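These notes are about the structure you will find just below.
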Amino acid sequence: MPGAPHSTGHTRPIKLGRIGYLNVLPLHYPLEQGVLTPNWAGGFELVSGPPAELNILMDHGRLDLSGCSCIEYARHPEKYCIVPDLAIGSRGPVQSVLLICRTKPEDLDGASVLVSAQSHTSAALVDLLLRRHIGVTPRYVTGDATALLSAGERPEAILCIGDEALNLRRHPDYPVRMDLGEAWREWTGLPFIFGLWIASREAVRSRPEEVKAGARLLIEAKKWGQANLDHISAVAAKGSILTGEEMRSYFAGLVYDLEERELEGLRLFYRHLAQAGVIPDPPELHFLQL
């Protein structure tokens, strides 16, 4: 465990955004089960939600540290510092970010694609893949896939995110599946980073020692989770349609590190976003100095 930070007189907890998906369980399990505990006054206050909600809370200054869509950093790089060597992504199939289709993706030109409002990064990525990699231009509709399917509606394709993707990936009406992590690797040869952990620069300015201690604890939690994936997989499988073996395969396919190849993939994604006019320019990557 890192050494205790110097006291700054603050007792308010560090507000930590927790992505409300199964894929971050290896990171949050040791914190939520008390395996690792904060060593500064106040500890963490967890705020859970989908990435899009956490993006908004970070943008409004209501969180100090958070997992967020990587596109949120690109939109406001002046507001944030990236926690080093901490991410959520894949070096191939990600399994929980899928475009499920009634037909081939190559046939989706002009077709309706339902996208979730929960993840800005995945919506931007599927558009890049369809337009630039596959060469089709669909129409996007935002909605709740599970609710629409339950009501009997069947859009041509659905972008599924997180736990919903794990549940819908074998839906009988959608026999064709494009895994966005694998499609990105086939296109670029690089890993894809869906989410980053970022710190508010205002929080770093006002509470530097606590925020840095919080970031160090998150990195320690990641390492513990990576070393204990069998246990975490068994725990996660109890409340899932996946078996323990399937859960272990899922977690093992994810990237939680942010090393040189991951950074190369992240920078390339930002260049594509800038070329598509989604962001003004590719941002510089500013890291929290721990």
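Letters A, B, ... mark the chains of the structure tokens in the order given; residue numbers begin at 1 per chain; ligand numbers begin at 1, in order shown.
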
Discussion item. Which residues are close to Leu190 in chain A, i.e. within 9 Å by only C-alpha atoms, leaving aside same-chain residues fewer than 4 positions away? Reply as a list in words.
Written reply: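 After dropping sequence-adjacent residues, the list is Arg91, Gly92, Trp184, Arg185, Glu186, Arg261, Glu262, Glu264, Gly265, Leu266 and Leu268 of chain A.
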
Atoms kept (N, CA and C atoms) for selection, written as a CSV table (one decimal), in the first residue's frame:
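Below you can see selection_28.csv, which holds the result:
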chain,number,residue,atom,x,y,z
A,91,ARG,N,-7.5,-5.9,-26.6
A,91,ARG,CA,-6.5,-6.1,-27.7
A,91,ARG,C,-7.1,-7.0,-28.8
A,92,GLY,N,-8.3,-7.2,-28.8
A,92,GLY,CA,-9.1,-8.1,-29.7
A,92,GLY,C,-10.5,-8.1,-29.3
A,184,TRP,N,-11.8,-3.1,-34.6
A,184,TRP,CA,-10.8,-2.1,-34.5
A,184,TRP,C,-9.4,-2.7,-34.7
A,185,ARG,N,-9.2,-3.8,-34.1
A,185,ARG,CA,-7.9,-4.5,-34.3
A,185,ARG,C,-7.6,-4.9,-35.7
A,186,GLU,N,-8.7,-5.5,-36.4
A,186,GLU,CA,-8.6,-5.9,-37.8
A,186,GLU,C,-8.3,-4.6,-38.6
A,261,ARG,N,1.4,0.4,-26.5
A,261,ARG,CA,0.5,0.0,-27.6
A,261,ARG,C,-0.9,0.6,-27.4
A,262,GLU,N,-1.4,0.5,-26.1
A,262,GLU,CA,-2.7,1.1,-25.8
A,262,GLU,C,-2.8,2.6,-26.1
A,264,GLU,N,-0.9,4.2,-28.2
A,264,GLU,CA,-0.9,4.3,-29.7
A,264,GLU,C,-2.3,4.2,-30.3
A,265,GLY,N,-3.0,3.2,-29.8
A,265,GLY,CA,-4.4,3.0,-30.3
A,265,GLY,C,-5.3,4.2,-29.9
A,266,LEU,N,-5.1,4.7,-28.7
A,266,LEU,CA,-5.9,5.8,-28.2
A,266,LEU,C,-5.6,7.0,-29.0
A,268,LEU,N,-4.6,7.2,-32.1
A,268,LEU,CA,-5.1,7.0,-33.4
A,268,LEU,C,-6.6,7.2,-33.4

Next on the checklist: Among range 182-252 of chain A, which residues does DSSP mark as helix (DSSP H, G or I) when it is run on the backbone? Keep the chain and numbering as in the structure and answer as a VMD selection string.
Outcome noted: chain A and resid 182 to 188 201 to 206 208 to 227 229 to 237 244 to 252

Quiz item: So which one's closest to Leu128 in chain A, A:Ser48, A:Gln275, A:Thr103, A:Gln289? Using only C-alpha atoms, please.
Solution: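 Answer, going by the shortest atom-to-atom distance: A:Gln275.
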
Near range 138-154 of chain A, 9 Å: range 71-115 of chain A residue rows, closest pairs, only C-alpha atoms, as JSON lines:
{"residue": "A:Arg102", "atom": "CA", "partner": "A:Arg154", "partner_atom": "CA", "distance": 8.6}
{"residue": "A:Leu108", "atom": "CA", "partner": "A:Pro138", "partner_atom": "CA", "distance": 5.8}
{"residue": "A:Asp109", "atom": "CA", "partner": "A:Pro138", "partner_atom": "CA", "distance": 4.9}
{"residue": "A:Gly110", "atom": "CA", "partner": "A:Pro138", "partner_atom": "CA", "distance": 4.4}
{"residue": "A:Ala111", "atom": "CA", "partner": "A:Pro138", "partner_atom": "CA", "distance": 5.0}
{"residue": "A:Ser112", "atom": "CA", "partner": "A:Arg139", "partner_atom": "CA", "distance": 4.8}
{"residue": "A:Val113", "atom": "CA", "partner": "A:Tyr140", "partner_atom": "CA", "distance": 4.9}
{"residue": "A:Leu114", "atom": "CA", "partner": "A:Val141", "partner_atom": "CA", "distance": 4.8}
{"residue": "A:Val115", "atom": "CA", "partner": "A:Thr142", "partner_atom": "CA", "distance": 4.9}

Members of range 46-285 of chain A assigned strand (DSSP E) by DSSP, as number ranges by chain:
A: 46-49, 65-69, 80-90, 97-101, 112-115, 139-142, 157-161, 176-179, 192-200, 254-255

Go through range 28-79 of chain A and flag each residue having an atom no more than 12 Å from range 158-176 of chain A; for those, report the closest pair of atoms plus their distance in Å to one decimal, using only C-alpha atoms, ordered by chain and rising number, as CSV.
residue,atom,partner,partner_atom,distance
A:Gly49,CA,A:Gly162,CA,11.8
A:Pro50,CA,A:Gly162,CA,9.1
A:Pro51,CA,A:Gly162,CA,10.1
A:Ala52,CA,A:Ile161,CA,11.6

Export of prior selection with C-alpha atoms as a short mmCIF file (atom, residue, chain, number, x, y, z; two decimals), in the first residue's frame:
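And here is the file that came out, part_17.cif:
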data_model
loop_
_atom_site.label_atom_id
_atom_site.label_comp_id
_atom_site.auth_asym_id
_atom_site.auth_seq_id
_atom_site.Cartn_x
_atom_site.Cartn_y
_atom_site.Cartn_z
CA GLY A 49 -23.54 5.02 -13.32
CA PRO A 50 -23.05 4.33 -17.03
CA PRO A 51 -20.10 6.09 -18.69
CA ALA A 52 -22.23 8.82 -20.28
#

Which of these residues is nearest to Glu284 in chain A, using only C-alpha atoms: A:Ala183, A:Arg75, A:Thr121, A:Ser240?
->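 Result for the nearest residue to Glu284 in chain A: A:Arg75.
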
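The interatomic distance for the pair CA of Gly61 in chain A and CA of Leu218 in chain A works out to 19.9 Å.
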
Per residue of range 160-230 of chain A within 12 Å of range 40-47 of chain A, note the shortest atom pair and the distance in Å to one decimal, counting only C-alpha atoms, and order the rows by chain and increasing residue number, as a tab-separated table.
residue	atom	partner	partner_atom	distance
A:Arg207	CA	A:Trp40	CA	11.4
A:Pro208	CA	A:Trp40	CA	11.9
A:Glu209	CA	A:Trp40	CA	9.0
A:Glu210	CA	A:Trp40	CA	6.6
A:Val211	CA	A:Trp40	CA	9.7
A:Lys212	CA	A:Trp40	CA	10.6
A:Ala213	CA	A:Trp40	CA	7.7
A:Gly214	CA	A:Phe44	CA	7.9
A:Ala215	CA	A:Phe44	CA	11.0
A:Arg216	CA	A:Trp40	CA	11.9
A:Leu217	CA	A:Phe44	CA	10.5
A:Leu218	CA	A:Phe44	CA	10.8

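For the set A:Ile100, A:Val278, A:Leu285, A:Val136, the residue with the smallest atom-to-atom gap to Pro77 in chain A is A:Leu285, counting only C-alpha atoms.
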
Checklist entry - Which residues come within 8 Å of Gly89 in chain A, counting only C-alpha atoms, excluding same-chain residues fewer than 4 positions away, as a list in words? => result Val94, Gly181, Pro191, Phe192, Ile193, Phe194, Gly195, Leu254, Val255 and Tyr256 of chain A

query: Which residue out of A:Arg132, A:Asp59, A:Glu78, A:Cys101 has the minimum interatomic distance to Pro155 in chain A when only C-alpha atoms are used?
result: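 Using only C-alpha atoms, Pro155 in chain A sits closest to A:Cys101.
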
* **Distance in Å - CA of Val97 in chain A versus CA of Met178 in chain A** =>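 So the answer is 8.7 Å.
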